[in-house]
Each structure stands twice: as C-alpha cells, then as structure tokens.
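Here is the file start_25.txt (compact mmCIF, C-alpha atoms).
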# COMPACT_ATOMS: atom_id res chain seq x y z
CA ALA A 1 110.02 94.38 -29.86
CA LEU A 2 111.40 93.13 -33.17
CA ALA A 3 114.37 91.36 -31.68
CA LEU A 4 114.43 88.67 -29.06
CA ILE A 5 116.88 89.58 -26.33
CA LEU A 6 117.26 86.73 -23.86
CA CYS A 7 118.28 87.94 -20.46
CA LEU A 8 117.37 87.53 -16.83
CA ALA A 9 115.76 89.44 -14.07
CA ALA A 10 116.60 90.49 -10.58
CA ALA A 11 115.96 92.36 -7.42
CA GLY A 12 118.05 93.33 -4.44
CA PRO A 13 117.30 94.32 -0.87
CA ALA A 14 116.70 98.09 -0.88
CA ALA A 15 119.78 98.66 -3.04
CA ALA A 16 119.63 99.56 -6.72
CA GLY A 17 120.75 96.96 -9.20
CA THR A 18 123.26 97.38 -11.98
CA ARG A 19 121.61 98.61 -15.15
CA VAL A 20 122.40 96.79 -18.37
CA ASP A 21 121.22 97.02 -21.94
CA GLY A 22 119.75 93.87 -23.42
CA ASN A 23 122.19 93.75 -26.34
CA ASP A 24 125.14 94.03 -23.96
CA LEU A 25 123.95 91.05 -21.96
CA VAL A 26 123.24 88.34 -24.49
CA GLY A 27 123.00 89.82 -27.96
CA THR A 28 120.30 89.64 -30.57
CA VAL A 29 119.18 86.06 -31.06
CA ALA A 30 116.77 86.60 -33.91
CA ALA A 31 115.44 89.59 -35.80
CA ALA A 32 111.88 90.18 -37.00
CA TYR A 33 110.27 87.83 -34.48
CA SER A 34 107.90 88.85 -31.73
CA PRO A 35 109.16 87.12 -28.58
CA LEU A 36 106.39 85.69 -26.45
CA GLY A 37 106.34 83.41 -23.47
CA GLY A 38 105.95 83.52 -19.77
CA SER A 39 108.09 84.63 -16.93
CA GLY A 40 110.07 81.74 -15.49
CA ASN A 41 110.30 79.70 -18.66
CA ARG A 42 113.85 78.40 -19.09
CA LYS A 43 114.55 79.48 -22.66
CA LEU A 44 118.32 79.91 -22.62
CA VAL A 45 120.91 77.25 -21.71
CA ARG A 46 124.62 76.72 -22.24
CA ASP A 47 126.47 73.49 -23.09
CA ALA A 48 129.75 72.20 -21.64
CA ASP A 49 131.73 73.90 -24.42
CA GLY A 50 130.12 77.28 -23.74
CA TYR A 51 127.70 77.50 -26.68
CA TRP A 52 124.22 78.92 -26.12
CA TYR A 53 120.83 77.49 -27.10
CA ALA A 54 117.67 79.58 -27.13
CA VAL A 55 114.01 78.76 -27.70
CA TRP A 56 111.10 81.18 -27.96
CA LEU A 57 107.56 81.63 -29.17
CA GLY A 58 106.91 83.75 -32.24
CA ASN A 59 103.62 84.99 -33.70
CA ILE A 60 104.18 84.56 -37.44
CA SER A 61 101.37 84.82 -40.01
CA SER A 62 98.83 84.76 -37.17
CA GLN A 63 100.17 81.47 -35.84
CA TYR A 64 102.13 80.95 -32.62
CA ARG A 65 105.23 78.92 -33.47
CA VAL A 66 108.18 77.55 -31.49
CA TYR A 67 111.67 78.59 -32.65
CA MET A 68 115.20 77.65 -31.69
CA ASN A 69 118.70 78.92 -32.34
CA LYS A 70 122.28 78.14 -31.34
CA SER A 71 125.13 80.58 -30.88
CA GLN A 72 128.11 80.46 -33.22
CA ASN A 73 130.49 81.52 -30.47
CA THR A 74 130.74 81.20 -26.71
CA ASP A 75 130.23 84.94 -26.19
CA GLY A 76 126.69 84.63 -27.52
CA THR A 77 127.23 87.56 -29.88
CA SER A 78 126.85 85.59 -33.12
CA TRP A 79 124.03 83.18 -33.94
CA HIS A 80 122.98 80.78 -36.67
CA THR A 81 119.79 81.17 -38.68
CA PRO A 82 116.80 80.36 -36.44
CA VAL A 83 114.89 77.14 -37.03
CA MET A 84 111.15 76.73 -36.51
CA LEU A 85 110.62 73.61 -34.39
CA ALA A 86 106.82 73.61 -34.24
CA GLY A 87 104.23 75.29 -36.41
CA SER A 88 103.31 75.35 -40.08
CA GLY A 89 106.32 73.72 -41.74
CA GLY A 90 108.00 73.03 -38.39
CA LEU A 91 111.07 70.82 -38.10
CA LEU A 92 109.56 68.65 -35.37
CA ILE A 93 105.83 69.32 -35.64
CA ASP A 94 104.24 70.50 -38.89
CA THR A 95 100.83 71.73 -37.77
CA THR A 96 98.32 74.46 -38.47
CA SER A 97 97.48 74.58 -34.74
CA HIS A 98 99.01 77.14 -32.46
CA THR A 99 102.01 75.93 -30.46
CA TYR A 100 102.95 77.36 -27.07
CA HIS A 101 105.29 77.60 -24.11
CA PRO A 102 108.69 76.06 -25.02
CA TRP A 103 110.88 75.21 -22.05
CA ILE A 104 114.33 73.57 -22.19
CA ASP A 105 117.06 72.11 -20.03
CA ILE A 106 120.45 70.71 -20.98
CA ASP A 107 122.41 67.64 -19.89
CA ARG A 108 125.96 68.98 -20.14
CA THR A 109 127.56 65.68 -19.15
CA ASN A 110 125.98 63.67 -21.97
CA GLY A 111 125.55 66.55 -24.43
CA LYS A 112 121.75 66.35 -24.80
CA LEU A 113 119.05 69.00 -24.77
CA HIS A 114 115.49 68.34 -23.56
CA LEU A 115 112.47 70.31 -24.77
CA VAL A 116 108.80 70.47 -23.79
CA PHE A 117 106.10 72.51 -25.52
CA GLN A 118 102.37 72.57 -26.12
CA VAL A 119 100.38 71.99 -29.33
CA GLY A 120 96.85 73.40 -29.34
CA GLY A 121 94.90 72.91 -26.14
CA ASP A 122 95.05 69.13 -26.04
CA ASP A 123 98.66 67.88 -26.03
CA LEU A 124 102.03 68.45 -24.35
CA TYR A 125 105.08 67.27 -26.28
CA TYR A 126 108.60 66.22 -25.31
CA ALA A 127 111.68 65.88 -27.52
CA LYS A 128 115.35 65.14 -26.85
CA LEU A 129 118.18 66.48 -28.98
CA VAL A 130 120.81 63.73 -28.88
CA SER A 131 123.55 65.57 -30.83
CA LEU A 132 124.06 69.23 -30.04
CA SER A 133 126.08 69.82 -33.19
CA ASN A 134 123.12 68.63 -35.25
CA TRP A 135 120.50 70.77 -33.52
CA SER A 136 118.84 71.84 -36.78
CA SER A 137 118.44 68.30 -38.17
CA ALA A 138 115.13 66.54 -37.45
CA SER A 139 116.71 63.06 -37.35
CA TYR A 140 118.68 63.96 -34.19
CA TRP A 141 115.55 64.86 -32.22
CA LYS A 142 114.26 61.73 -30.47
CA ASN A 143 111.71 60.49 -27.99
CA LEU A 144 112.74 59.91 -24.37
CA GLN A 145 114.09 56.39 -24.93
CA GLU A 146 115.80 57.45 -28.17
CA THR A 147 114.05 54.66 -30.05
CA ALA A 148 112.26 56.88 -32.57
CA SER A 149 112.84 60.22 -34.25
CA GLY A 150 110.60 63.13 -33.48
CA PRO A 151 108.75 64.38 -30.41
CA GLU A 152 106.24 62.38 -28.37
CA VAL A 153 103.12 63.31 -26.41
CA PHE A 154 103.67 62.89 -22.67
CA ALA A 155 100.38 64.44 -21.49
CA SER A 156 97.07 64.64 -23.29
CA ALA A 157 93.67 66.02 -22.29
CA THR A 158 91.01 67.41 -24.59
CA GLY A 159 90.90 71.13 -23.90
CA GLY A 160 93.03 70.59 -20.82
CA PHE A 161 95.82 73.06 -21.47
CA TYR A 162 95.93 76.85 -21.41
CA THR A 163 96.02 78.50 -24.84
CA THR A 164 96.84 82.14 -24.14
CA ALA A 165 100.35 82.76 -25.45
CA ALA A 166 101.27 86.15 -24.10
CA HIS A 167 101.23 85.34 -20.39
CA ALA A 168 101.93 81.59 -20.17
CA ASP A 169 99.97 81.22 -16.95
CA TYR A 170 100.04 77.40 -17.02
CA PRO A 171 103.04 76.27 -19.13
CA PRO A 172 104.80 72.91 -18.91
CA SER A 173 108.23 73.13 -17.26
CA ILE A 174 111.16 70.73 -17.35
CA ALA A 175 114.32 70.14 -15.30
CA LEU A 176 116.96 67.40 -15.37
CA ASP A 177 118.42 65.44 -12.48
CA SER A 178 122.03 64.35 -11.98
CA GLN A 179 121.54 61.40 -14.36
CA GLY A 180 120.19 63.62 -17.13
CA SER A 181 116.65 62.29 -16.68
CA PRO A 182 113.72 64.67 -17.18
CA HIS A 183 111.18 65.84 -14.61
CA VAL A 184 108.19 67.73 -15.98
CA ALA A 185 105.43 69.72 -14.30
CA TRP A 186 102.35 71.37 -15.74
CA SER A 187 98.87 72.57 -14.78
CA GLN A 188 95.85 70.90 -16.35
CA ASN A 189 92.21 71.97 -16.42
CA VAL A 190 90.15 69.62 -14.26
CA SER A 191 86.62 70.73 -13.32
CA SER A 192 87.50 74.34 -14.26
CA THR A 193 90.59 74.35 -12.03
CA TYR A 194 94.14 74.21 -13.41
CA ARG A 195 95.70 71.61 -11.11
CA PRO A 196 99.44 70.77 -10.95
CA TYR A 197 100.67 67.48 -12.37
CA TYR A 198 104.09 65.86 -12.61
CA ARG A 199 105.79 63.15 -14.66
CA ASN A 200 109.34 61.85 -14.85
CA GLY A 201 111.22 59.23 -16.81
CA SER A 202 114.54 57.95 -18.08
CA THR A 203 116.14 56.77 -21.27
CA ALA A 204 116.28 53.21 -19.96
CA SER A 205 112.69 52.83 -18.75
CA GLY A 206 110.70 55.53 -20.50
CA TRP A 207 107.99 57.61 -18.84
CA ASN A 208 106.65 56.79 -15.39
CA ASP A 209 103.03 57.31 -14.42
CA THR A 210 101.63 60.82 -14.11
CA VAL A 211 101.34 62.10 -10.53
CA SER A 212 98.58 64.45 -9.38
CA VAL A 213 100.40 66.91 -7.13
CA SER A 214 97.39 68.72 -5.67
CA SER A 215 93.73 69.50 -6.28
CA SER A 216 94.42 73.21 -5.72
CA GLY A 217 94.74 75.53 -8.69
CA LEU A 218 98.36 76.48 -9.43
CA LYS A 219 99.53 79.13 -11.89
CA TYR A 220 103.06 79.34 -13.34
CA PRO A 221 104.10 75.76 -12.43
CA THR A 222 107.91 75.88 -12.23
CA ILE A 223 110.11 72.86 -11.55
CA ASP A 224 113.76 72.40 -10.67
CA VAL A 225 115.93 69.59 -9.28
CA ASP A 226 118.64 70.16 -6.68
CA ALA A 227 122.02 68.48 -6.21
CA GLU A 228 120.47 65.67 -4.17
CA ASP A 229 117.91 64.99 -6.93
CA ARG A 230 115.05 66.33 -4.85
CA VAL A 231 112.36 67.75 -7.13
CA HIS A 232 110.99 71.20 -6.23
CA LEU A 233 107.75 72.51 -7.70
CA PHE A 234 106.62 76.12 -7.30
CA GLY A 235 103.57 78.05 -8.37
CA LEU A 236 101.10 80.78 -7.54
CA TYR A 237 98.05 79.65 -5.59
CA TYR A 238 95.22 80.49 -7.95
CA ALA A 239 92.50 81.06 -5.35
CA THR A 240 94.24 84.06 -3.75
CA GLY A 241 96.75 85.22 -6.35
CA LYS A 242 98.91 86.28 -3.40
CA ASP A 243 100.75 83.13 -2.27
CA ILE A 244 103.66 81.25 -3.82
CA TYR A 245 103.46 77.55 -2.97
CA TRP A 246 106.32 75.05 -2.71
CA TYR A 247 105.95 71.30 -3.14
CA TYR A 248 108.78 68.75 -3.14
CA ALA A 249 109.33 65.08 -3.82
CA ASP A 250 112.16 62.60 -3.41
CA SER A 251 112.78 59.36 -5.31
CA PRO A 252 110.71 57.45 -6.44
CA TYR A 253 108.69 60.67 -6.99
CA THR A 254 105.27 59.07 -6.61
CA SER A 255 103.88 61.75 -4.28
CA PHE A 256 104.67 65.31 -3.22
CA SER A 257 104.92 66.99 0.18
CA GLY A 258 103.34 70.40 0.61
CA PRO A 259 102.24 72.93 -0.04
CA THR A 260 104.35 75.33 2.01
CA THR A 261 103.74 79.04 1.45
CA ILE A 262 107.13 80.62 0.81
CA ILE A 263 105.97 84.07 -0.36
CA ASP A 264 102.88 85.40 1.39
CA SER A 265 101.36 88.70 0.32
CA ALA A 266 98.69 90.43 2.38
CA THR A 267 97.61 92.90 -0.30
CA ALA A 268 99.84 92.68 -3.39
CA TYR A 269 98.89 90.40 -6.26
CA LEU A 270 101.74 88.26 -7.59
CA TYR A 271 102.61 87.46 -11.21
CA GLY A 272 105.04 84.89 -12.60
CA VAL A 273 107.39 82.46 -10.87
CA SER A 274 111.08 81.89 -11.58
CA ALA A 275 113.21 79.40 -9.63
CA VAL A 276 116.69 77.90 -9.65
CA ALA A 277 118.40 75.29 -7.45
CA ASP A 278 122.17 75.21 -7.09
CA ARG A 279 124.60 72.36 -6.47
CA ASP A 280 124.58 72.96 -2.72
CA GLY A 281 120.83 72.50 -2.32
CA ARG A 282 120.08 76.22 -2.03
CA ILE A 283 117.07 77.49 -3.93
CA HIS A 284 115.96 80.94 -5.03
CA VAL A 285 112.48 81.90 -6.17
CA ALA A 286 111.33 85.21 -7.62
CA THR A 287 107.96 86.73 -8.45
CA GLN A 288 106.51 90.13 -9.33
CA ALA A 289 104.24 91.96 -6.88
CA TYR A 290 101.78 94.67 -7.87
CA GLN A 291 101.20 97.33 -5.25
CA ASN A 292 99.40 100.15 -7.01
CA PRO A 293 101.06 101.95 -8.71
CA THR A 294 104.35 100.03 -8.40
CA TRP A 295 105.48 96.68 -9.79
CA CYS A 296 108.26 95.24 -7.67
CA PRO A 297 110.30 91.98 -7.48
CA TRP A 298 109.91 89.77 -4.41
CA THR A 299 112.05 86.73 -3.64
CA ALA A 300 112.36 83.74 -1.34
CA TYR A 301 115.55 81.85 -0.42
CA TYR A 302 115.90 78.27 0.84
CA ASN A 303 119.10 77.47 2.75
CA GLY A 304 118.48 73.73 2.86
CA SER A 305 116.24 73.75 5.94
CA SER A 306 114.09 76.90 5.94
CA TRP A 307 112.78 79.69 3.71
CA THR A 308 113.38 83.43 3.99
CA GLU A 309 111.09 85.83 2.14
CA THR A 310 112.20 89.29 0.97
CA GLU A 311 109.58 91.77 -0.17
CA ASP A 312 109.89 95.14 -1.91
CA MET A 313 113.28 94.48 -3.49
CA ASP A 314 113.23 97.75 -5.41
CA THR A 315 110.38 100.23 -4.96
CA THR A 316 112.03 103.10 -6.84
CA ARG A 317 111.29 101.74 -10.33
CA ASN A 318 108.50 99.82 -12.00
CA MET A 319 110.06 96.40 -12.59
CA ASN A 320 108.62 93.78 -14.91
CA ARG A 321 108.55 90.07 -14.13
CA PRO A 322 111.86 89.02 -12.58
CA GLU A 323 113.90 85.99 -13.62
CA ILE A 324 116.54 84.05 -11.71
CA GLY A 325 119.31 82.23 -13.48
CA VAL A 326 122.87 81.00 -13.28
CA LYS A 327 125.75 83.34 -14.03
CA TRP A 328 128.38 81.90 -16.33
CA ALA A 329 131.66 83.76 -16.41
CA PRO A 330 135.30 82.59 -16.37
CA GLY A 331 135.70 80.54 -13.22
CA GLN A 332 132.33 81.58 -11.82
CA ILE A 333 129.00 79.89 -11.23
CA GLY A 334 126.50 81.83 -9.17
CA HIS A 335 123.03 83.29 -9.11
CA LEU A 336 121.80 86.37 -10.91
CA LEU A 337 118.41 87.97 -10.61
CA MET A 338 117.30 90.55 -13.15
CA ALA A 339 114.20 92.62 -13.84
CA PRO A 340 113.52 94.89 -16.81
CA GLN A 341 112.17 98.36 -16.12
CA PHE A 342 108.74 99.22 -17.54
CA SER A 343 109.72 102.75 -18.50
CA SER A 344 112.94 101.70 -20.26
CA PRO A 345 112.32 98.46 -22.20
CA ASN A 346 115.96 98.18 -23.28
CA HIS A 347 117.29 98.36 -19.74
CA ALA A 348 117.43 95.66 -17.14
CA TYR A 349 118.69 95.70 -13.58
CA ILE A 350 120.81 92.85 -12.29
CA TRP A 351 121.47 91.74 -8.74
CA GLU A 352 123.92 89.08 -7.61
CA TRP A 353 123.57 86.73 -4.67
CA THR A 354 126.22 87.53 -2.06
CA GLY A 355 125.68 84.32 -0.12
CA SER A 356 123.20 85.85 2.28
CA ALA A 357 121.37 88.60 0.38
CA TRP A 358 120.83 90.16 -3.05
CA GLY A 359 123.20 93.00 -3.83
CA PRO A 360 123.75 95.18 -6.90
CA SER A 361 126.10 93.72 -9.47
CA GLY A 362 129.26 95.75 -9.86
CA GLY A 363 128.21 98.51 -7.52
CA ALA A 364 127.01 101.72 -9.15
CA ASP A 365 124.54 101.83 -12.03
CA THR A 366 126.08 101.58 -15.47
CA ASN A 367 124.89 101.32 -19.06
CA GLU A 368 127.21 98.45 -19.84
CA TYR A 369 127.96 95.02 -18.46
CA PRO A 370 131.07 92.88 -19.09
CA ALA A 371 130.64 90.76 -22.22
CA ASP A 372 131.81 87.61 -20.47
CA TYR A 373 128.80 87.59 -18.15
CA ARG A 374 125.72 85.72 -19.27
CA VAL A 375 122.62 84.44 -17.61
CA ALA A 376 121.07 81.04 -18.30
CA VAL A 377 117.32 81.14 -17.80
So, in terms of structure tokens, how does the structure I just supplied come out?
Amino acid sequence: ALALILCLAAAGPAAAGTRVDGNDLVGTVAAAYSPLGGSGNRKLVRDADGYWYAVWLGNISSQYRVYMNKSQNTDGTSWHTPVMLAGSGGLLIDTTSHTYHPWIDIDRTNGKLHLVFQVGGDDLYYAKLVSLSNWSSASYWKNLQETASGPEVFASATGGFYTTAAHADYPPSIALDSQGSPHVAWSQNVSSTYRPYYRNGSTASGWNDTVSVSSSGLKYPTIDVDAEDRVHLFGLYYATGKDIYWYYADSPYTSFSGPTTIIDSATAYLYGVSAVADRDGRIHVATQAYQNPTWCPWTAYYNGSSWTETEDMDTTRNMNRPEIGVKWAPGQIGHLLMAPQFSSPNHAYIWEWTGSAWGPSGGADTNEYPADYRVAV
C-alpha cells in the first residue's frame, strides 16, 4: 500500500462485523510510504484536545525509518507533513542503521507523549515529547527525567533484539500509568531464546532496574496498565506457538506473577497480540488464529477476576491480524476490535464490546462508518 491508513481490528461472536473502508475510519496519514510494523503496536493516540498522533515504520531508500505525524483537526482527516524521527537525517536519531518497531502512549493529563523504538539489533530507545504543539521540534523531545534533549537508550544488548521489520515478532511496547510514568516490555535474545523483560521509571527518579519476567520465549510482548496501576504483560509462548500468556505485576514492579494461559489453541497457530485495559480494570486481548485455510480472530476477556476465551470470532472471511483499541466519539469511551479482510485490503470489519460480548458495530454491513468514530491503537 502507498498510504498508511491507521485503523483497528476486531472480531465478534459468530456475528458479522460492520465493514468500513480505511479512509472512512481515520484518513490518509501519509502518502508514498510503505507502512510496516507489527500487530498490536500502539501507533495511534489522541490528546485531551482531540488531536491525533501517529507513528509508523517506512522502508525508504532501502532503510527502515521511524516516522511521525500529527493531525491538523480533531476529525483526523487533515494532517501535517510527516517528520522522520529516526533514520538517515532523522529528527531524533540520525543513523545509517535500520530502525524498527515504534510504539507510543500519551499522558493526556500532562500533555506528554512517550515513544520507544529500536535502532539496529543492539539498542532500544526511549524519548518523551514534553510539548505536544512542538512535536516536530527536536528540542522538545527529552529523556525520561527531562534533563537532556534527545532520546536515551533504556536497554542494550549486542545482537539482542529482533531485526525483521515486517512482522515485529519481538518489539518493545510501552504503556503509561495514572501518574504518566512509563512501563516498557520487550523480548531479548538470551541463549537463542527471546525472553521477556520489563523496565519502568518516572520523571522524578529516572529508570528503575530491568526485571527479567521469565526464562520462557515470548513473542509479541504487549504491555498495558489498568486503572489500579497493575501492569499486564501478554505474549505468545514461543515453544508452542499456540498459547497466549498473561503475566502481571503490582507496585513496586520488581517481579511478575504468571504465566497464566488465557488463549489456548489445540491445533491453530496464533499470530500477533493486541491488548487494552480500561478504567474499570477490564482487559481485552486479541490474536489471529490460522486454521487451514482460514485466518480468524480469537479474543480473551478479563472481568477483574477471571478470563473468558472466545475462539472462531468470524469463520466466514479470512481476517488479518486483529487490533483492539479505544473508541473515541462524542460522549463515548469504549472498546473496538477490528480486523482487515485478506481478500479486500481496503475493508475492515469492526466489532464493539457490548459489556458481555463482541457484537457488530451498527448492525448490518455497510461501506461507510460515521466520521466521528475513531480508534486509538
């Protein structure tokens, strides 16, 4: 595709979702860039005033580079000129190395955006945008403690990080707690196994020590923080390729409980992990299952005390990797799940969470979707 359309993915229990076209959902963020990056990566967020911020990975002149843009209106239909954050001539990192896997989260209370990304196979970087209105100015991107301009390395290991751009099997992920402090997870190559690691910090104290979450291999490490500031970490168990694991940690975040298997497949191989926690402590997780010849979204739901798994959300179409996000519309905050259809790249199917199950958004299939609905990845 020559245009990056940022939208989200979904699946619903036996019922068809509402079909949308990518341009109807979010609009064209940037032309002439090849969007790359893994399922689950939070690449689209919205600030307290309703403006949108997008990051993505582009393959330009045979180099993978990290880009960013901000919307010019709250509808997300008009955007500024994209800025290259990392790559040859990058705003934050000027490097001839490939850069990979951008992931963002936003502190709407304090008006700050947090970014993690990878440079080469050796380093993971963090940067904080301290003034949203100055998003394209290098001097407003700081380290965690805001004592120096520019990004900082928060994890380093020679050859320790995955360098395949198209699938993002082991990307760093970031989520913020109620104080706007970052929590980061990633998988790192140790003795030929990509093991999950975690680190958190704050503006006041800087980065805390790195925590080894498990010695098991974990693909698609995906982190989120719920309303009680409990950290949730999800990923695909590498040894089987058929189990989604859940780990969690509470303050002071020095060790994790788990794993608990929340999606368990007997025969289908699973690809990608997307997760979101809401203000009430409920959590949704989505993945893609391959049951020859069908690709289908599967989900799991946490009600605060137990998990419920739902398989075969839609077996009538071949669905690509699903994404879960937060729906932002006038007076509404809820969950949306969306999955693009293999046979129709410009179409996506959206489901909405009813409070107990996934149901189609708006009822019958349609080619359009109201312009005031957006999904934050």
Segment 292-294 of chain A: which residues within 7 Å, counting all atoms listed in the file, same-chain residues fewer than 2 positions away excluded, as a PyMOL selection string? chain A and resi 290+296+315+318
Measuring atom to atom with only C-alpha atoms, identify which of A:Val225, A:Trp207, A:Tyr237, A:Gly87 is nearest to Thr193 of chain A.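 Of the candidates, the smallest distance to Thr193 of chain A is held by A:Tyr237.
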List the spatial neighbours of segment 113-130 of chain A as a PyMOL selection string - criterion: any atom at most 7 Å away, all atoms listed in the file, same-chain residues fewer than 6 positions off excluded. chain A and resi 97-107+140-144+150-163+172+174
Residue selection dump (C-alpha atoms) as a compact mmCIF listing (two decimals), keeping the file's coordinate frame:
# COMPACT_ATOMS: atom_id res chain seq x y z
CA SER A 97 97.48 74.58 -34.74
CA HIS A 98 99.01 77.14 -32.46
CA THR A 99 102.01 75.93 -30.46
CA TYR A 100 102.95 77.36 -27.07
CA HIS A 101 105.29 77.60 -24.11
CA PRO A 102 108.69 76.06 -25.02
CA TRP A 103 110.88 75.21 -22.05
CA ILE A 104 114.33 73.57 -22.19
CA ASP A 105 117.06 72.11 -20.03
CA ILE A 106 120.45 70.71 -20.98
CA ASP A 107 122.41 67.64 -19.89
CA TYR A 140 118.68 63.96 -34.19
CA TRP A 141 115.55 64.86 -32.22
CA LYS A 142 114.26 61.73 -30.47
CA ASN A 143 111.71 60.49 -27.99
CA LEU A 144 112.74 59.91 -24.37
CA GLY A 150 110.60 63.13 -33.48
CA PRO A 151 108.75 64.38 -30.41
CA GLU A 152 106.24 62.38 -28.37
CA VAL A 153 103.12 63.31 -26.41
CA PHE A 154 103.67 62.89 -22.67
CA ALA A 155 100.38 64.44 -21.49
CA SER A 156 97.07 64.64 -23.29
CA ALA A 157 93.67 66.02 -22.29
CA THR A 158 91.01 67.41 -24.59
CA GLY A 159 90.90 71.13 -23.90
CA GLY A 160 93.03 70.59 -20.82
CA PHE A 161 95.82 73.06 -21.47
CA TYR A 162 95.93 76.85 -21.41
CA THR A 163 96.02 78.50 -24.84
CA PRO A 172 104.80 72.91 -18.91
CA ILE A 174 111.16 70.73 -17.35
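The smallest atom-to-atom distance between Lys242 of chain A and any of A:Pro221, A:Ala289, A:Ser192, A:Asp280, using only C-alpha atoms, is found for A:Ala289.
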Expressed in Å to a single decimal, how great is the separation between atom CA of Gly304 of chain A and atom CA of Ser274 of chain A?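 Distance between the two atoms: 18.2 Å.
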Residue with smallest distance to Glu323 of chain A - pool A:Ala275, A:Ala185, A:Val190, A:Ala300, counting all atoms listed in the file: A:Ala275
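Pairwise distance (atom CA of Thr240 of chain A, atom CA of Asp312 of chain A) equals 19.3 Å.
Shortest atom-to-atom contact with Ala168 of chain A among A:Pro82, A:Gly272, A:Pro259, A:Gly180: A:Gly272, counting all atoms listed in the file.
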Write out as a list in words each polymer residue whose atoms come within 10 Å of Thr96 of chain A, counting all atoms listed in the file; drop sequence neighbours fewer than 4 positions from it.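 Neighbouring residues, sequence-local ones excluded: Gln63, Tyr64, Arg65, Ala86, Gly87, Ser88, Gly89, Gly90, Val119 and Gly120 of chain A.
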One number please: atom CA of Ser305 of chain A to atom CA of Asn208 of chain A, in Å, one decimal.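 That distance, rounded to one decimal, is 28.9 Å.
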Who sits within 12 Å of segment 264-267 of chain A, all atoms listed in the file, same chain under 3 positions skipped, as a list in words: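 Here the qualifying residues turn out to be Leu236, Tyr237, Thr240, Gly241, Lys242, Asp243, Ile244, Tyr245, Trp246, Thr260, Thr261, Leu270, Tyr271, Thr287, Gln288, Ala289, Tyr290, Gln291, Asn292, Trp298, Thr299, Ala300, Trp307, Thr308, Glu309, Thr310, Glu311 and Asp312 of chain A.
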Would you list the residues near (101.7, 64.1, -12.1) (no more than 10 Å away, in the coordinates of the file, using all atoms listed in the file) as a PDB file with C-alpha atoms, keeping the file's coordinate frame?
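Resulting contents of result00.pdb:
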ATOM      1  CA  ALA A 155     100.380  64.440 -21.490  1.00  0.00           C
ATOM      2  CA  HIS A 183     111.180  65.840 -14.610  1.00  0.00           C
ATOM      3  CA  VAL A 184     108.190  67.730 -15.980  1.00  0.00           C
ATOM      4  CA  ALA A 185     105.430  69.720 -14.300  1.00  0.00           C
ATOM      5  CA  TRP A 186     102.350  71.370 -15.740  1.00  0.00           C
ATOM      6  CA  SER A 187      98.870  72.570 -14.780  1.00  0.00           C
ATOM      7  CA  GLN A 188      95.850  70.900 -16.350  1.00  0.00           C
ATOM      8  CA  ARG A 195      95.700  71.610 -11.110  1.00  0.00           C
ATOM      9  CA  PRO A 196      99.440  70.770 -10.950  1.00  0.00           C
ATOM     10  CA  TYR A 197     100.670  67.480 -12.370  1.00  0.00           C
ATOM     11  CA  TYR A 198     104.090  65.860 -12.610  1.00  0.00           C
ATOM     12  CA  ARG A 199     105.790  63.150 -14.660  1.00  0.00           C
ATOM     13  CA  ASN A 200     109.340  61.850 -14.850  1.00  0.00           C
ATOM     14  CA  ASN A 208     106.650  56.790 -15.390  1.00  0.00           C
ATOM     15  CA  ASP A 209     103.030  57.310 -14.420  1.00  0.00           C
ATOM     16  CA  THR A 210     101.630  60.820 -14.110  1.00  0.00           C
ATOM     17  CA  VAL A 211     101.340  62.100 -10.530  1.00  0.00           C
ATOM     18  CA  SER A 212      98.580  64.450  -9.380  1.00  0.00           C
ATOM     19  CA  VAL A 213     100.400  66.910  -7.130  1.00  0.00           C
ATOM     20  CA  SER A 214      97.390  68.720  -5.670  1.00  0.00           C
ATOM     21  CA  TYR A 253     108.690  60.670  -6.990  1.00  0.00           C
ATOM     22  CA  THR A 254     105.270  59.070  -6.610  1.00  0.00           C
ATOM     23  CA  SER A 255     103.880  61.750  -4.280  1.00  0.00           C
ATOM     24  CA  PHE A 256     104.670  65.310  -3.220  1.00  0.00           C
TER      25      PHE A 256
END
Output, as JSON, the centre and edge lengths in Å (one decimal) of the axis-aligned box that contains all listed atoms of segment 214-226 of chain A with 6 Å of margin on each side.
{"center_x": 106.2, "center_y": 74.0, "center_z": -9.5, "size_x": 36.9, "size_y": 22.6, "size_z": 19.7}
Using the incomplete input, complete segment 66-77 of chain A to the level of N, CA and C atoms; output as a PDB file, in the coordinates of the input.
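Printed below is part.pdb as written:
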ATOM      1  N   VAL A  66     107.011  77.720 -32.342  1.00  0.00           N
ATOM      2  CA  VAL A  66     108.180  77.550 -31.490  1.00  0.00           C
ATOM      3  C   VAL A  66     109.442  77.595 -32.338  1.00  0.00           C
ATOM      4  N   TYR A  67     110.397  78.428 -31.933  1.00  0.00           N
ATOM      5  CA  TYR A  67     111.670  78.590 -32.650  1.00  0.00           C
ATOM      6  C   TYR A  67     112.843  78.241 -31.756  1.00  0.00           C
ATOM      7  N   MET A  68     113.969  77.953 -32.414  1.00  0.00           N
ATOM      8  CA  MET A  68     115.200  77.650 -31.690  1.00  0.00           C
ATOM      9  C   MET A  68     116.396  78.192 -32.465  1.00  0.00           C
ATOM     10  N   ASN A  69     117.447  78.521 -31.711  1.00  0.00           N
ATOM     11  CA  ASN A  69     118.700  78.920 -32.340  1.00  0.00           C
ATOM     12  C   ASN A  69     119.863  78.514 -31.441  1.00  0.00           C
ATOM     13  N   LYS A  70     121.043  78.456 -32.053  1.00  0.00           N
ATOM     14  CA  LYS A  70     122.280  78.140 -31.340  1.00  0.00           C
ATOM     15  C   LYS A  70     123.313  79.202 -31.659  1.00  0.00           C
ATOM     16  N   SER A  71     124.088  79.578 -30.652  1.00  0.00           N
ATOM     17  CA  SER A  71     125.130  80.580 -30.880  1.00  0.00           C
ATOM     18  C   SER A  71     126.273  80.003 -31.698  1.00  0.00           C
ATOM     19  N   GLN A  72     126.937  80.870 -32.440  1.00  0.00           N
ATOM     20  CA  GLN A  72     128.110  80.460 -33.220  1.00  0.00           C
ATOM     21  C   GLN A  72     129.396  80.660 -32.440  1.00  0.00           C
ATOM     22  N   ASN A  73     129.315  81.346 -31.312  1.00  0.00           N
ATOM     23  CA  ASN A  73     130.490  81.520 -30.470  1.00  0.00           C
ATOM     24  C   ASN A  73     130.075  81.455 -29.003  1.00  0.00           C
ATOM     25  N   THR A  74     131.047  81.351 -28.130  1.00  0.00           N
ATOM     26  CA  THR A  74     130.740  81.200 -26.710  1.00  0.00           C
ATOM     27  C   THR A  74     130.406  82.524 -26.045  1.00  0.00           C
ATOM     28  N   ASP A  75     130.640  83.640 -26.732  1.00  0.00           N
ATOM     29  CA  ASP A  75     130.230  84.940 -26.190  1.00  0.00           C
ATOM     30  C   ASP A  75     128.742  85.181 -26.376  1.00  0.00           C
ATOM     31  N   GLY A  76     128.105  84.418 -27.256  1.00  0.00           N
ATOM     32  CA  GLY A  76     126.690  84.630 -27.520  1.00  0.00           C
ATOM     33  C   GLY A  76     126.410  85.861 -28.340  1.00  0.00           C
ATOM     34  N   THR A  77     127.406  86.349 -29.075  1.00  0.00           N
ATOM     35  CA  THR A  77     127.230  87.560 -29.880  1.00  0.00           C
ATOM     36  C   THR A  77     126.957  87.253 -31.341  1.00  0.00           C
TER      37      THR A  77
END
